Every structure is written in structure tokens, then in C-alpha cells.
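Take a look at the structure set out below.
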Amino acid sequence: MTNTSEYEQVLDGSDTKVAQFETRHHTALERVQHILHNNPTFVPVIVLVISLMAFWMIAGGRFFSAFNLSLIMQQVSIIGMLAAAQSLIIITAGIDLSVAAIMILMSVIMGNLAVNIGVPAPIAILVGFVGGMAAGAMNGLLITKVKLPPFITTLGTWSIFFALNLWLSGAQSIRSQDIDENAAFLKFFGNAFDIGGARITFGVILMVVIFVVLWYMLNKTAWGRHVYAIGDDMEAAEMSGIRTERTLVSVYMLAGLVCAIAGWASIGRVGSISPQSFYEGNLQSITAVVIGGISLFGGRGSILGALFGALIVGVFQSGLRMAGVDVLWQVFAIGWLIIIAVAIDQWIRRVSA
């Protein structure tokens, strides 16, 4: 009884307050940081709106004309498709320096088969699609099976594909007249129709459709969730049962297919087939992805951001050109855009650190 009484006396003298934890109030800037972390597409959308308003004040009403805005869409259509392919790779924490080379190689293959050899254009296009998937599979297998870094792998295959371009084409372009005579269907996506002063090409529609389909695949399917999981933490994805190697190969194959589709569309956009067209497409696609808010570290960002990123580059080029700015300083401005975009991405990533 004595021990029990002493125990009760000790309890009576103890602190009976409920445990409390100090709550930290976030500043307005920190709340913005959290919002942007959860919605990474907000950044390129905001930048695009600000850019449109700025160039509207600089260049006047002609910048916002339906014709000029549709022209910007046409100019970014091919790079936008390459950015869509690049986004798939970067979301997995990889990078593909060969996207433009795959695109050009497939356009050269389509042109040689349909124009020079006489293969029906639909069959030549189908062969190009299969070739694009094979090129992507080559990248994916070298990365997953041979365990080579994506940067080194695609740097090497870029040289391989570019050399094949020159060999198959003999370093010669296929003229527009020859395409018209023998395989006009290759230029299908160069056709356009007018709406209220705007001239919309089928290539622009194709670009939008590609982004919408890939967005659905990445956000509404198990495959898409696996892709993001691999980019966020590959080891954790493997431990959770995801077949990471097979998923990675499928990503590179899909990116190769998108590049092949872009190759077909590029024929209609340019009007001819040149083994050296879109030579800077690799860097331009990465630029669109980075400006679009997709993290270079993988696992974060919306593929729609790459579309907005491509549009931002197009708006800057068009606006600066209308303002009479030299091409040199246009490139200078795009360079700063890339640096600022990466800095914003690093700042947003501190939320999850």
C-alpha cells in the first residue's frame, strides 16, 4: 500500500499538460515554392504569358495577329515533337543527344525508299517508324544491358546516326520537285488551312496530338507511373517490383518512334529532305524541356511543360526579330532563359530536400 501511495503521489505532482508541437508558419515565398513544386507547369505558363504581354508592348498589335501567332506554332512544331521525345527520356533522369539525328535519318530513309527506289509512300513511312523504334531500342539496350551512361551512349549514337544520314543520302538533298512527282504524301503535314487569318498546318495539329497522347500515357496509365518512379529513384522502383530495364527500353523506343514521326512531319515543314537539316535539334529540344520546367534530375515535371517551353522559345525569337534585335542577341537571350530555368528548378527542388 505504501509503494502504491508513493506512486500516486508522484503522479499527482507530474505535469499533466498535453504535449504540444511548435507550428512553423511558412512565408509567402515558401508557399509559392510549394505551389510550384506541386505544379511545375505553372512556371512555363507564367513565363509564356509574361513574354506575350512584353512583346505585345514592344512590337505592337502585329505581334498578336492571328497570322504571326500561327507562324510561331509552325516554327516550333518540329522542335516541339523532338522536345516531346526528349521529355520522355529526361523524366527517367536520362538524356538523349541523338533525337535530331534519329529524326533526320528516318526522313532520309523515307525519302530514299519512296522517291529514289519507288516504294509506296505509306510503306516507306512505316519502315521509317520501325527504324525509329529500332534506333531507340539500340539506345535503351546499351544503357540497360551494357550499363553505359545515357549521355555517353546517345553522344555515340548521335555520331553513328549522323554518319548513316550522310552515307544513305550521299550528302545530297532530295528536292521538293522530286518529292511532289514521286511521293507527295511525304509532304502531307505541310498542308494547311486558314481560320480567321491564322494559317494552321497539319504538322501543328500533329504536334499537339503527340503531346496530348503522351500526357495521357504518363499520367493515366501504370506505365507512366513507372516512368516517373524510375526517374525519381531507380533502386526504390526496382524494390517495389517495377521492371526498370524493360520500362526504360520501352521509353527509348517510344522516343525513337516520336522522332520518326517528327521526321515525316519535317519533310512537309521544309519541303525537301536534307541530311543536315535541324542539325541543332538536339540542343533545342533540351532547351524546350528545361524551360518547360521538367527537372533534369528526373521524376518531376509535366510533358506539357515542354510544349510551353518550345512556345516560349518561339515567342522570344519572333518578338525579338520583330523588335529588330540581331540573331546573335536572340541566342544570347535564349541562353539566359536556360540558366534562369535551371536556377528556378533548383530552387523549387529544395522543397523536397
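Naming scheme: A, B, ... for chains in displayed order of the C-alpha cells; residues 1 onward per chain; ligands 1 onward as shown.
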
With only C-alpha atoms counted and 12 Å as the cut-off, give the residues of region 116-199 of chain A in contact with region 234-244 of chain A, each with its shortest interatomic distance in Å and the pair that gives it, as a Markdown table.
| residue | atom | partner | partner_atom | distance |
| --- | --- | --- | --- | --- |
| A:Gly140 | CA | A:Thr244 | CA | 11.2 |
| A:Leu141 | CA | A:Thr244 | CA | 12.0 |
| A:Ile143 | CA | A:Thr244 | CA | 11.5 |
| A:Thr144 | CA | A:Thr244 | CA | 8.7 |
| A:Lys145 | CA | A:Thr244 | CA | 11.4 |

Contacts of region 340-347 of chain A at 12 Å or less, counting only C-alpha atoms, minus same-chain residues fewer than 3 places along, as a CSV table (one decimal) with N, CA, C and O atoms, in the first residue's frame?
chain,number,residue,atom,x,y,z
A,29,LEU,N,6.7,33.5,-49.8
A,29,LEU,CA,7.6,33.0,-50.8
A,29,LEU,C,7.7,31.5,-50.7
A,29,LEU,O,7.8,30.7,-51.7
A,30,GLU,N,7.7,30.9,-49.5
A,30,GLU,CA,7.8,29.5,-49.3
A,30,GLU,C,6.5,28.8,-49.8
A,30,GLU,O,6.5,27.7,-50.3
A,32,VAL,N,4.7,29.9,-52.2
A,32,VAL,CA,4.8,29.9,-53.7
A,32,VAL,C,5.7,28.8,-54.1
A,32,VAL,O,5.4,28.1,-55.1
A,33,GLN,N,6.8,28.6,-53.4
A,33,GLN,CA,7.7,27.5,-53.7
A,33,GLN,C,7.0,26.1,-53.7
A,33,GLN,O,7.2,25.3,-54.5
A,34,HIS,N,6.2,25.9,-52.7
A,34,HIS,CA,5.4,24.7,-52.5
A,34,HIS,C,4.4,24.5,-53.7
A,34,HIS,O,4.3,23.4,-54.2
A,36,LEU,N,4.6,25.8,-56.7
A,36,LEU,CA,5.3,25.5,-57.9
A,36,LEU,C,5.9,24.1,-57.9
A,36,LEU,O,6.0,23.4,-59.0
A,37,HIS,N,6.3,23.6,-56.7
A,37,HIS,CA,6.8,22.2,-56.6
A,37,HIS,C,5.7,21.2,-57.0
A,37,HIS,O,6.0,20.2,-57.6
A,39,ASN,N,3.1,21.9,-58.8
A,39,ASN,CA,2.5,22.2,-60.2
A,39,ASN,C,3.6,22.8,-61.0
A,39,ASN,O,3.6,24.0,-61.3
A,40,PRO,N,4.6,22.0,-61.4
A,40,PRO,CA,5.8,22.5,-62.1
A,40,PRO,C,5.5,23.2,-63.5
A,40,PRO,O,6.2,24.0,-64.0
A,41,THR,N,4.3,22.9,-64.1
A,41,THR,CA,3.9,23.5,-65.3
A,41,THR,C,3.5,25.0,-65.2
A,41,THR,O,3.5,25.7,-66.2
A,42,PHE,N,3.3,25.4,-64.0
A,42,PHE,CA,2.9,26.8,-63.7
A,42,PHE,C,4.0,27.7,-64.2
A,42,PHE,O,3.7,28.8,-64.7
A,43,VAL,N,5.3,27.4,-63.9
A,43,VAL,CA,6.4,28.2,-64.3
A,43,VAL,C,6.4,28.6,-65.7
A,43,VAL,O,6.4,29.8,-66.1
A,44,PRO,N,6.5,27.6,-66.7
A,44,PRO,CA,6.5,28.0,-68.1
A,44,PRO,C,5.2,28.7,-68.5
A,44,PRO,O,5.3,29.6,-69.4
A,47,VAL,N,5.7,32.3,-67.5
A,47,VAL,CA,6.8,32.9,-68.3
A,47,VAL,C,6.2,33.2,-69.7
A,47,VAL,O,6.5,34.2,-70.3
A,286,ILE,N,16.4,20.0,-75.8
A,286,ILE,CA,16.7,20.1,-74.4
A,286,ILE,C,16.4,21.5,-73.8
A,286,ILE,O,15.9,21.6,-72.7
A,287,THR,N,16.6,22.5,-74.6
A,287,THR,CA,16.2,23.9,-74.2
A,287,THR,C,14.7,24.0,-73.9
A,287,THR,O,14.4,24.5,-72.9
A,288,ALA,N,13.9,23.4,-74.8
A,288,ALA,CA,12.5,23.5,-74.6
A,288,ALA,C,12.1,22.7,-73.3
A,288,ALA,O,11.2,23.2,-72.6
A,289,VAL,N,12.7,21.6,-73.1
A,289,VAL,CA,12.4,20.8,-71.9
A,289,VAL,C,12.8,21.5,-70.6
A,289,VAL,O,12.0,21.5,-69.7
A,290,VAL,N,13.9,22.1,-70.6
A,290,VAL,CA,14.4,22.7,-69.4
A,290,VAL,C,13.6,24.0,-69.1
A,290,VAL,O,13.1,24.2,-68.0
A,291,ILE,N,13.3,24.8,-70.1
A,291,ILE,CA,12.5,26.0,-69.9
A,291,ILE,C,11.1,25.6,-69.5
A,291,ILE,O,10.4,26.3,-68.8
A,292,GLY,N,10.6,24.4,-70.0
A,292,GLY,CA,9.3,23.9,-69.7
A,292,GLY,C,9.1,23.4,-68.3
A,292,GLY,O,8.0,22.9,-67.9
A,293,GLY,N,10.2,23.4,-67.5
A,293,GLY,CA,10.0,23.0,-66.1
A,293,GLY,C,10.2,21.6,-65.7
A,293,GLY,O,9.9,21.1,-64.6
A,294,ILE,N,10.6,20.7,-66.7
A,294,ILE,CA,10.9,19.3,-66.4
A,294,ILE,C,12.3,19.2,-65.8
A,294,ILE,O,13.3,19.7,-66.4
A,295,SER,N,12.4,18.6,-64.7
A,295,SER,CA,13.7,18.5,-63.9
A,295,SER,C,14.7,17.7,-64.7
A,295,SER,O,14.4,16.5,-65.1
A,296,LEU,N,15.9,18.2,-64.8
A,296,LEU,CA,17.0,17.4,-65.4
A,296,LEU,C,17.4,16.2,-64.5
A,296,LEU,O,18.1,15.3,-65.0
A,297,PHE,N,17.0,16.2,-63.3
A,297,PHE,CA,17.3,15.2,-62.3
A,297,PHE,C,16.3,14.1,-62.4
A,297,PHE,O,16.4,13.1,-61.7
A,298,GLY,N,15.2,14.2,-63.2
A,298,GLY,CA,14.3,13.2,-63.4
A,298,GLY,C,13.2,13.1,-62.3
A,298,GLY,O,13.3,13.7,-61.2
A,300,ARG,N,10.2,14.5,-62.1
A,300,ARG,CA,9.3,15.6,-61.8
A,300,ARG,C,9.1,16.4,-63.1
A,300,ARG,O,10.0,16.6,-63.8
A,301,GLY,N,7.9,16.9,-63.2
A,301,GLY,CA,7.6,17.7,-64.4
A,301,GLY,C,6.5,17.1,-65.3
A,301,GLY,O,6.4,15.9,-65.3
A,305,GLY,N,4.8,20.8,-70.2
A,305,GLY,CA,5.7,21.9,-69.9
A,305,GLY,C,6.7,22.1,-71.1
A,305,GLY,O,7.1,23.2,-71.4
A,309,GLY,N,7.5,25.3,-73.2
A,309,GLY,CA,8.9,25.7,-73.3
A,309,GLY,C,9.3,26.0,-74.8
A,309,GLY,O,9.9,27.0,-75.1
A,312,ILE,N,7.7,29.2,-75.7
A,312,ILE,CA,8.4,30.4,-75.1
A,312,ILE,C,9.6,30.7,-76.0
A,312,ILE,O,9.8,31.9,-76.3
A,333,ALA,N,19.8,35.8,-75.5
A,333,ALA,CA,18.6,35.8,-74.6
A,333,ALA,C,18.1,34.4,-74.3
A,333,ALA,O,17.8,34.1,-73.1
A,334,ILE,N,18.1,33.5,-75.3
A,334,ILE,CA,17.7,32.1,-75.0
A,334,ILE,C,18.7,31.5,-74.0
A,334,ILE,O,18.3,30.7,-73.2
A,335,GLY,N,20.0,31.8,-74.1
A,335,GLY,CA,20.9,31.2,-73.2
A,335,GLY,C,20.6,31.6,-71.7
A,335,GLY,O,20.7,30.8,-70.8
A,336,TRP,N,20.2,32.9,-71.5
A,336,TRP,CA,19.9,33.3,-70.2
A,336,TRP,C,18.6,32.7,-69.7
A,336,TRP,O,18.4,32.4,-68.6
A,337,LEU,N,17.7,32.4,-70.7
A,337,LEU,CA,16.4,31.7,-70.3
A,337,LEU,C,16.7,30.3,-69.8
A,337,LEU,O,16.1,29.9,-68.8
A,350,ARG,N,14.3,22.4,-53.6
A,350,ARG,CA,14.7,22.5,-52.2
A,350,ARG,C,13.5,22.1,-51.3
A,350,ARG,O,13.7,21.8,-50.1
A,351,VAL,N,12.3,22.2,-51.8
A,351,VAL,CA,11.1,21.9,-51.0
A,351,VAL,C,11.2,20.4,-50.6
A,351,VAL,O,10.8,20.0,-49.5
A,352,SER,N,11.6,19.5,-51.5
A,352,SER,CA,11.7,18.1,-51.2
A,352,SER,C,13.0,17.7,-50.6
A,352,SER,O,13.1,16.5,-50.3
A,353,ALA,N,13.9,18.6,-50.4
A,353,ALA,CA,15.2,18.2,-49.9
A,353,ALA,C,15.2,18.0,-48.4
A,353,ALA,O,14.3,18.6,-47.7

**OP:** Would you please extract all helix (DSSP H, G or I) residues from region 56-279 of chain A, as assigned by DSSP on the backbone, and give them as an MDAnalysis selection string?
**Re:** chainID A and resid 56:59 61:64 66:91 99:117 121:144 150:169 176:182 184:190 202:220 222:232 234:239 244:270

Using DSSP on the backbone coordinates, identify the residues of region 59-210 of chain A assigned to strand (DSSP E or B); present them as a list in words.
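Everything in region 59-210 of chain A that counts as strand (DSSP E or B) is Ile174, Ala192, Phe193, Asp194, Ile195, Ala198, Arg199, Ile200 and Thr201 of chain A.
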
What does the file look like for those residues with N, CA and C atoms, as a short mmCIF file (atom, residue, chain, number, x, y, z; two decimals), in the first residue's frame?
data_model
loop_
_atom_site.label_atom_id
_atom_site.label_comp_id
_atom_site.auth_asym_id
_atom_site.auth_seq_id
_atom_site.Cartn_x
_atom_site.Cartn_y
_atom_site.Cartn_z
N ILE A 174 17.12 15.69 -101.22
CA ILE A 174 16.08 15.29 -102.16
C ILE A 174 15.20 16.50 -102.40
N ALA A 192 -1.98 23.02 -95.15
CA ALA A 192 -2.51 23.95 -94.15
C ALA A 192 -3.92 24.38 -94.52
N PHE A 193 -4.59 24.95 -93.55
CA PHE A 193 -5.91 25.54 -93.77
C PHE A 193 -5.98 26.83 -92.97
N ASP A 194 -6.84 27.73 -93.40
CA ASP A 194 -6.94 29.06 -92.79
C ASP A 194 -8.16 29.16 -91.88
N ILE A 195 -7.92 29.77 -90.70
CA ILE A 195 -9.01 30.04 -89.75
C ILE A 195 -8.84 31.47 -89.23
N ALA A 198 -5.47 33.04 -89.36
CA ALA A 198 -4.39 32.14 -88.93
C ALA A 198 -4.23 31.01 -89.95
N ARG A 199 -3.00 30.62 -90.19
CA ARG A 199 -2.72 29.53 -91.11
C ARG A 199 -2.19 28.35 -90.30
N ILE A 200 -3.00 27.31 -90.17
CA ILE A 200 -2.68 26.15 -89.34
C ILE A 200 -2.27 24.99 -90.24
N THR A 201 -1.08 24.48 -90.00
CA THR A 201 -0.64 23.31 -90.76
C THR A 201 -1.02 22.04 -90.02
#

Show which residues sit within 7 Å of Ile79 (chain A), as a compact mmCIF listing (two decimals) with N, CA, C and O atoms, in the first residue's frame. Count only C-alpha atoms, and ignore same-chain residues fewer than 2 positions away.
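The result, written out as selection21.txt:
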# COMPACT_ATOMS: atom_id res chain seq x y z
N VAL A 76 7.76 26.17 -84.34
CA VAL A 76 8.18 25.33 -83.21
C VAL A 76 7.64 23.90 -83.32
O VAL A 76 7.92 23.09 -82.45
N SER A 77 6.89 23.60 -84.37
CA SER A 77 6.23 22.29 -84.44
C SER A 77 7.21 21.13 -84.43
O SER A 77 7.02 20.15 -83.69
N MET A 81 8.00 18.46 -81.28
CA MET A 81 7.92 16.99 -81.30
C MET A 81 9.20 16.37 -80.75
O MET A 81 9.14 15.39 -79.99
N LEU A 82 10.35 16.94 -81.12
CA LEU A 82 11.61 16.43 -80.56
C LEU A 82 11.65 16.65 -79.05
O LEU A 82 12.17 15.81 -78.30
N ALA A 83 11.10 17.78 -78.59
CA ALA A 83 11.05 18.04 -77.14
C ALA A 83 10.16 17.04 -76.43
O ALA A 83 10.44 16.64 -75.29
N GLY A 281 18.81 20.42 -83.51
CA GLY A 281 17.58 19.98 -82.86
C GLY A 281 17.79 19.34 -81.51
O GLY A 281 16.92 19.45 -80.63
N GLN A 284 18.15 22.21 -79.05
CA GLN A 284 16.90 22.96 -79.00
C GLN A 284 15.81 22.19 -78.25
O GLN A 284 15.01 22.78 -77.53
N SER A 285 15.80 20.87 -78.42
CA SER A 285 14.82 20.07 -77.70
C SER A 285 15.09 20.09 -76.20
O SER A 285 14.16 20.19 -75.39

What gap, in Å, lies between CA of Leu97 (chain A) and CA of Thr154 (chain A)?
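Separation between CA of Leu97 (chain A) and CA of Thr154 (chain A): 5.1 Å.
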
Using only C-alpha atoms, determine which residues lie at most 8 Å from Leu105 (chain A), disregarding the query and same-chain residues fewer than 2 positions distant; provide the list as a ChimeraX atom specification.
-> /A:101-103,107-109,161-162,164-165,263,275

Proximity to Phe278 (chain A) - best of A:Leu320, A:Ala163, A:Leu248, A:Ile78, only C-alpha atoms
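Of all the options, A:Ile78 lies closest to Phe278 (chain A).
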
Correct to one decimal, the distance CA of Val119 (chain A)-CA of Asp180 (chain A) is 14.5 Å
